[in-house]
file my_file10.pdb (PDB, C-alpha atoms)
MODEL        1
ATOM      1  CA  THR A  39       0.000   0.000   0.000
ATOM      2  CA  VAL A  40       2.913   2.382   0.665
ATOM      3  CA  ALA A  41       4.291   1.602  -2.800
ATOM      4  CA  ALA A  42       0.848   2.103  -4.317
ATOM      5  CA  PHE A  43       0.504   5.425  -2.475
ATOM      6  CA  ASP A  44       3.963   6.505  -3.641
ATOM      7  CA  SER A  45       3.238   5.642  -7.251
ATOM      8  CA  PHE A  46      -0.142   7.399  -7.001
ATOM      9  CA  ARG A  47       1.600  10.465  -5.597
ATOM     10  CA  PHE A  48       4.170  10.341  -8.421
ATOM     11  CA  VAL A  49       1.382  10.118 -11.006
ATOM     12  CA  ILE A  50      -0.340  13.159  -9.480
ATOM     13  CA  LYS A  51       2.916  15.136  -9.405
ATOM     14  CA  GLY A  52       3.767  14.118 -12.967
ATOM     15  CA  SER A  53       0.290  15.145 -14.134
ATOM     16  CA  VAL A  54       0.559  18.572 -12.525
ATOM     17  CA  ALA A  55       4.036  19.149 -13.972
ATOM     18  CA  GLY A  56       2.951  17.892 -17.401
ATOM     19  CA  ALA A  57      -0.127  20.113 -17.333
ATOM     20  CA  ALA A  58       2.035  23.138 -16.478
ATOM     21  CA  VAL A  59       4.381  22.401 -19.380
ATOM     22  CA  PHE A  60       1.432  21.823 -21.728
ATOM     23  CA  VAL A  61      -0.260  25.107 -20.769
ATOM     24  CA  VAL A  62       2.993  27.021 -21.258
ATOM     25  CA  TYR A  63       3.503  25.401 -24.679
ATOM     26  CA  GLU A  64      -0.122  25.882 -25.712
ATOM     27  CA  GLN A  65      -0.033  29.604 -24.922
ATOM     28  CA  GLY A  66       2.909  29.970 -27.313
ATOM     29  CA  LEU A  67       5.324  31.050 -24.581
ATOM     30  CA  LEU A  68       8.048  28.704 -25.844
ATOM     31  CA  GLY A  69       7.722  29.523 -29.539
ATOM     32  CA  SER A  70       9.214  32.193 -31.769
ATOM     33  CA  GLY A  71       9.827  35.831 -30.861
ATOM     34  CA  ALA A  72       6.625  36.999 -32.555
ATOM     35  CA  GLN A  73       4.538  34.477 -30.588
ATOM     36  CA  GLY A  74       6.131  35.580 -27.322
ATOM     37  CA  ALA A  75       5.462  39.247 -28.066
ATOM     38  CA  GLU A  76       1.862  38.372 -28.992
ATOM     39  CA  ALA A  77       1.424  36.464 -25.722
ATOM     40  CA  LEU A  78       2.687  39.504 -23.788
ATOM     41  CA  GLN A  79       0.228  41.740 -25.658
ATOM     42  CA  LYS A  80      -2.637  39.389 -24.762
ATOM     43  CA  ALA A  81      -1.572  39.394 -21.110
ATOM     44  CA  ARG A  82      -1.381  43.213 -21.114
ATOM     45  CA  ALA A  83      -4.849  43.444 -22.617
ATOM     46  CA  ALA A  84      -6.276  40.973 -20.113
ATOM     47  CA  LEU A  85      -4.732  42.593 -17.025
ATOM     48  CA  PRO A  86      -6.912  45.715 -16.498
ATOM     49  CA  PRO A  87     -10.262  43.868 -16.721
ATOM     50  CA  ALA A  88      -8.882  41.174 -14.397
ATOM     51  CA  VAL A  89      -7.804  43.812 -11.869
ATOM     52  CA  GLN A  90     -11.211  45.444 -12.169
ATOM     53  CA  GLU A  91     -12.966  42.118 -11.604
ATOM     54  CA  TRP A  92     -10.821  41.283  -8.574
ATOM     55  CA  THR A  93     -11.307  44.655  -6.926
ATOM     56  CA  SER A  94     -15.069  44.419  -7.366
ATOM     57  CA  TYR A  95     -15.025  40.789  -6.116
ATOM     58  CA  MET A  96     -13.034  41.757  -3.013
ATOM     59  CA  GLY A  97     -15.373  44.677  -2.432
ATOM     60  CA  TRP A  98     -12.647  47.291  -2.665
ATOM     61  CA  GLU A  99     -14.654  49.700  -4.786
ATOM     62  CA  VAL A 100     -14.966  52.890  -2.798
ATOM     63  CA  ARG A 101     -18.569  53.971  -2.664
ATOM     64  CA  THR A 102     -17.910  57.678  -2.262
ATOM     65  CA  ALA A 103     -15.404  58.109  -5.078
ATOM     66  CA  PRO A 104     -14.558  55.809  -7.996
ATOM     67  CA  LEU A 105     -11.123  54.211  -8.188
ATOM     68  CA  PRO A 106      -8.675  55.861 -10.604
ATOM     69  CA  PRO A 107      -8.711  54.260 -14.071
ATOM     70  CA  THR A 108      -6.347  51.325 -14.528
ATOM     71  CA  PRO A 109      -3.236  52.586 -16.329
ATOM     72  CA  LYS A 110      -2.625  51.632 -19.945
ATOM     73  CA  LEU A 111       0.317  49.288 -20.305
ATOM     74  CA  ASP A 112       1.111  50.070 -23.952
ATOM     75  CA  PHE A 113       4.848  50.568 -23.847
ATOM     76  CA  SER A 114       7.445  50.550 -26.600
ATOM     77  CA  PRO A 115      11.015  50.303 -25.239
ATOM     78  CA  SER A 116      12.568  51.388 -28.543
ATOM     79  CA  ASP A 117      10.389  54.550 -28.698
ATOM     80  CA  SER A 118      11.258  55.439 -25.105
ATOM     81  CA  TRP A 119      14.941  54.853 -25.777
ATOM     82  CA  ASN A 120      14.902  57.024 -28.912
ATOM     83  CA  LYS A 121      13.085  59.830 -27.061
ATOM     84  CA  GLY A 122      15.633  59.605 -24.268
ATOM     85  CA  VAL A 123      18.503  59.833 -26.768
ATOM     86  CA  HIS A 124      16.892  62.908 -28.392
ATOM     87  CA  VAL A 125      16.419  64.625 -25.025
ATOM     88  CA  VAL A 126      19.986  63.900 -23.917
ATOM     89  CA  MET A 127      21.514  65.059 -27.206
ATOM     90  CA  SER A 128      19.389  68.244 -27.256
ATOM     91  CA  ALA A 129      20.448  69.013 -23.708
ATOM     92  CA  LEU A 130      24.107  68.409 -24.584
ATOM     93  CA  SER A 131      23.896  70.641 -27.662
ATOM     94  CA  VAL A 132      22.563  73.631 -25.671
ATOM     95  CA  ALA A 133      24.725  72.919 -22.616
ATOM     96  CA  PRO A 134      27.675  75.247 -23.502
ATOM     97  CA  THR A 135      25.339  78.189 -24.241
ATOM     98  CA  ARG A 136      23.382  77.633 -21.037
ATOM     99  CA  ALA A 137      26.589  77.261 -19.046
ATOM    100  CA  CYS A 138      27.809  80.659 -20.368
ATOM    101  CA  GLU A 139      24.476  82.280 -19.546
ATOM    102  CA  TYR A 140      24.413  80.901 -16.000
ATOM    103  CA  THR A 141      28.037  81.844 -15.442
ATOM    104  CA  ALA A 142      27.353  85.424 -16.593
ATOM    105  CA  GLN A 143      24.274  85.609 -14.365
ATOM    106  CA  GLY A 144      26.186  84.245 -11.407
ATOM    107  CA  TRP A 145      29.068  86.646 -11.956
ATOM    108  CA  LYS A 146      26.676  89.612 -12.191
ATOM    109  CA  TYR A 147      24.956  88.490  -8.957
ATOM    110  CA  VAL A 148      28.238  88.237  -7.095
ATOM    111  CA  ARG A 149      29.348  91.659  -8.434
ATOM    112  CA  ASP A 150      26.073  93.231  -7.253
ATOM    113  CA  LEU A 151      26.526  91.649  -3.833
ATOM    114  CA  VAL A 152      30.064  92.959  -3.540
ATOM    115  CA  LYS A 153      29.076  96.530  -4.579
TER     116      LYS A 153
ATOM    117  CA  MET B 291       5.569  51.154 -42.060
ATOM    118  CA  ALA B 292       8.877  53.006 -42.198
ATOM    119  CA  SER B 293      11.899  50.798 -42.797
ATOM    120  CA  GLU B 294      13.968  52.680 -40.242
ATOM    121  CA  GLY B 295      11.387  51.693 -37.599
ATOM    122  CA  GLU B 296      11.895  47.998 -38.376
ATOM    123  CA  LEU B 297      14.966  47.765 -36.122
ATOM    124  CA  GLY B 298      13.039  49.381 -33.268
ATOM    125  CA  ARG B 299      10.183  46.927 -33.767
ATOM    126  CA  LYS B 300      12.636  44.031 -33.703
ATOM    127  CA  TRP B 301      14.096  45.285 -30.431
ATOM    128  CA  ASP B 302      10.593  45.627 -28.962
ATOM    129  CA  ARG B 303       9.758  42.069 -30.033
ATOM    130  CA  CYS B 304      13.040  40.804 -28.638
ATOM    131  CA  LEU B 305      12.551  42.467 -25.228
ATOM    132  CA  ALA B 306       8.927  41.342 -24.991
ATOM    133  CA  ASP B 307       9.883  37.780 -25.899
ATOM    134  CA  SER B 308      12.748  37.848 -23.353
ATOM    135  CA  ALA B 309      10.350  38.921 -20.607
ATOM    136  CA  VAL B 310       7.858  36.201 -21.547
ATOM    137  CA  LYS B 311      10.448  33.440 -21.785
ATOM    138  CA  LEU B 312      12.156  34.469 -18.548
ATOM    139  CA  GLY B 313       8.801  34.461 -16.776
ATOM    140  CA  ALA B 314       7.775  31.119 -18.248
ATOM    141  CA  GLY B 315      11.128  29.513 -17.391
ATOM    142  CA  PHE B 316      10.976  30.951 -13.883
ATOM    143  CA  GLY B 317       7.410  29.701 -13.426
ATOM    144  CA  LEU B 318       8.147  26.221 -14.701
ATOM    145  CA  GLY B 319      11.278  26.160 -12.530
ATOM    146  CA  ILE B 320       9.145  26.930  -9.474
ATOM    147  CA  VAL B 321       6.658  24.191 -10.403
ATOM    148  CA  PHE B 322       9.365  21.584 -10.852
ATOM    149  CA  SER B 323      11.229  22.735  -7.755
ATOM    150  CA  VAL B 324       8.138  22.408  -5.583
ATOM    151  CA  ILE B 325       6.896  19.144  -7.108
ATOM    152  CA  PHE B 326      10.052  17.115  -7.683
ATOM    153  CA  PHE B 327      13.108  18.744  -6.117
ATOM    154  CA  LYS B 328      12.077  19.548  -2.564
ATOM    155  CA  ARG B 329      11.963  23.334  -3.057
ATOM    156  CA  LYS B 330      15.602  23.659  -4.025
ATOM    157  CA  THR B 331      16.722  26.809  -5.842
ATOM    158  CA  TRP B 332      18.596  25.278  -8.757
ATOM    159  CA  PRO B 333      15.566  24.262 -10.881
ATOM    160  CA  ILE B 334      14.337  27.859 -10.746
ATOM    161  CA  THR B 335      17.746  29.161 -11.818
ATOM    162  CA  PHE B 336      17.950  26.480 -14.501
ATOM    163  CA  GLY B 337      14.486  27.302 -15.853
ATOM    164  CA  SER B 338      15.207  31.047 -15.912
ATOM    165  CA  GLY B 339      18.502  30.424 -17.674
ATOM    166  CA  MET B 340      16.842  28.203 -20.260
ATOM    167  CA  GLY B 341      14.203  30.853 -20.876
ATOM    168  CA  LEU B 342      16.851  33.538 -21.359
ATOM    169  CA  GLY B 343      18.805  31.278 -23.683
ATOM    170  CA  MET B 344      15.733  30.568 -25.824
ATOM    171  CA  ALA B 345      14.958  34.279 -25.967
ATOM    172  CA  TYR B 346      18.562  35.075 -26.991
ATOM    173  CA  SER B 347      18.364  32.497 -29.769
ATOM    174  CA  ASN B 348      15.059  33.923 -31.028
ATOM    175  CA  CYS B 349      16.427  37.473 -30.949
ATOM    176  CA  GLN B 350      19.532  36.425 -32.830
ATOM    177  CA  HIS B 351      17.422  34.749 -35.491
ATOM    178  CA  ASP B 352      15.153  37.779 -35.780
ATOM    179  CA  PHE B 353      18.015  40.267 -36.141
ATOM    180  CA  GLN B 354      19.847  38.120 -38.674
ATOM    181  CA  SER B 355      16.743  37.190 -40.651
ATOM    182  CA  PRO B 356      17.417  39.212 -43.838
ATOM    183  CA  TYR B 357      20.782  37.503 -44.190
ATOM    184  CA  LEU B 358      19.738  33.938 -43.469
ATOM    185  CA  LEU B 359      19.311  32.077 -46.726
ATOM    186  CA  HIS B 360      16.966  29.107 -46.837
ATOM    187  CA  GLY B 361      17.688  26.970 -49.848
ATOM    188  CA  LYS B 362      16.828  23.490 -50.967
ATOM    189  CA  PHE B 363      18.566  21.079 -53.240
ATOM    190  CA  VAL B 364      16.801  20.362 -56.506
ATOM    191  CA  LYS B 365      17.976  17.236 -58.243
ATOM    192  CA  VAL B 366      18.405  17.704 -61.921
ATOM    193  CA  SER B 367      17.917  14.395 -63.639
TER     194      SER B 367
ENDMDL
END
call {"tool": "encode", "arguments": {"input": "my_file10.pdb", "output": "structure tokens"}}
result
Amino acid sequence: TVAAFDSFRFVIKGSVAGAAVFVVYEQGLLGSGAQGAEALQKARAALPPAVQEWTSYMGWEVRTAPLPPTPKLDFSPSDSWNKGVHVVMSALSVAPTRACEYTAQGWKYVRDLVK
Amino acid sequence: MASEGELGRKWDRCLADSAVKLGAGFGLGIVFSVIFFKRKTWPITFGSGMGLGMAYSNCQHDFQSPYLLHGKFVKVS
């Protein structure tokens, strides 16, 4: 009976592990890059309604004021990177001029103080 | 679709796929660690590493795709 229980336990464990692997494979999480990106998009789209459903299920909706809207998770890393590069390069290109202006202002301030 | 945006789209796809594969490997590592390996850490690390490796391979294939030639032999009788 101990051996039967052990083999039964192994079958249960194997089934759970196999089901986990099957679900991961079925959702396309182990496929090509396009499938992975598509799976992430689907998860992003499904997250706000799921959060909404959970908050209403847990009864966390405030009766006096509505909760703030769930934030949109549409994010492009390459766009953010390019914007960051533009901002940094623009700042660097005007940096010498600004430095001269601030130096002149500072010098004038100190001269007025000393007067 | 602008051609100069294609590289940015490939990077986006690559990063999204890396996140998905890392998460899936991590999750499967946790499942196997809890079920078979008495909650040891190494299956989780192994799963995460496998996920990252698969993502790296996919990214490499995606970035090199214009230069990969797929041919087939045609027997001329």
call {"tool": "atom_distance", "arguments": {"input": "my_file10.pdb", "atom1": "atom CA of Ser116 of chain A", "atom2": "atom CA of Gly69 of chain A"}}
result
22.4 Å
call {"tool": "closest_atom_pairs", "arguments": {"input": "my_file10.pdb", "of": "chain B", "to": "chain A", "cutoff": "7 Å", "atoms": "all atoms listed in the file", "output": "tab-separated table"}}
result
residue	atom	partner	partner_atom	distance
B:Gly298	CA	A:Ser116	CA	5.2
B:Trp301	CA	A:Ser116	CA	6.6
B:Asp302	CA	A:Pro115	CA	6.0
B:Arg303	CA	A:Ala75	CA	5.5
B:Cys304	CA	A:Gly71	CA	6.3
B:Ala306	CA	A:Ala75	CA	5.1
B:Asp307	CA	A:Gly74	CA	4.6
B:Val310	CA	A:Gly74	CA	6.1
B:Lys311	CA	A:Leu67	CA	6.3
B:Ala314	CA	A:Leu67	CA	6.8
B:Val321	CA	A:Ala55	CA	6.7
B:Phe322	CA	A:Ala55	CA	6.6
B:Ile325	CA	A:Lys51	CA	6.1
B:Asn348	CA	A:Gly71	CA	5.6
B:Cys349	CA	A:Gly71	CA	6.8
call {"tool": "atom_distance", "arguments": {"input": "my_file10.pdb", "atom1": "atom CA of Leu342 of chain B", "atom2": "atom CA of Ser308 of chain B"}}
result
6.3 Å
call {"tool": "atom_distance", "arguments": {"input": "my_file10.pdb", "atom1": "atom CA of Gly343 of chain B", "atom2": "atom CA of Ala309 of chain B"}}
result
11.8 Å
call {"tool": "closest_residue", "arguments": {"input": "my_file10.pdb", "among": "A:Ala142, A:Val49, A:Ala137, A:Ala41", "to": "Phe326 of chain B", "atoms": "only C-alpha atoms"}}
result
A:Val49
call {"tool": "residues_around", "arguments": {"input": "my_file10.pdb", "residues": "segment 329-334 of chain B", "least_positions_apart": "6", "cutoff": "7 Å", "atoms": "all atoms listed in the file", "output": "PyMOL selection string"}}
result
chain B and resi 316+319-320+322-323
call {"tool": "axis_aligned_box", "arguments": {"input": "my_file10.pdb", "around": "segment 140-151 of chain A", "padding_each_side": "6 Å", "output": "AutoDock Vina command-line options"}}
result
--center_x 26.8 --center_y 87.1 --center_z -10.2 --size_x 17.1 --size_y 24.3 --size_z 24.8
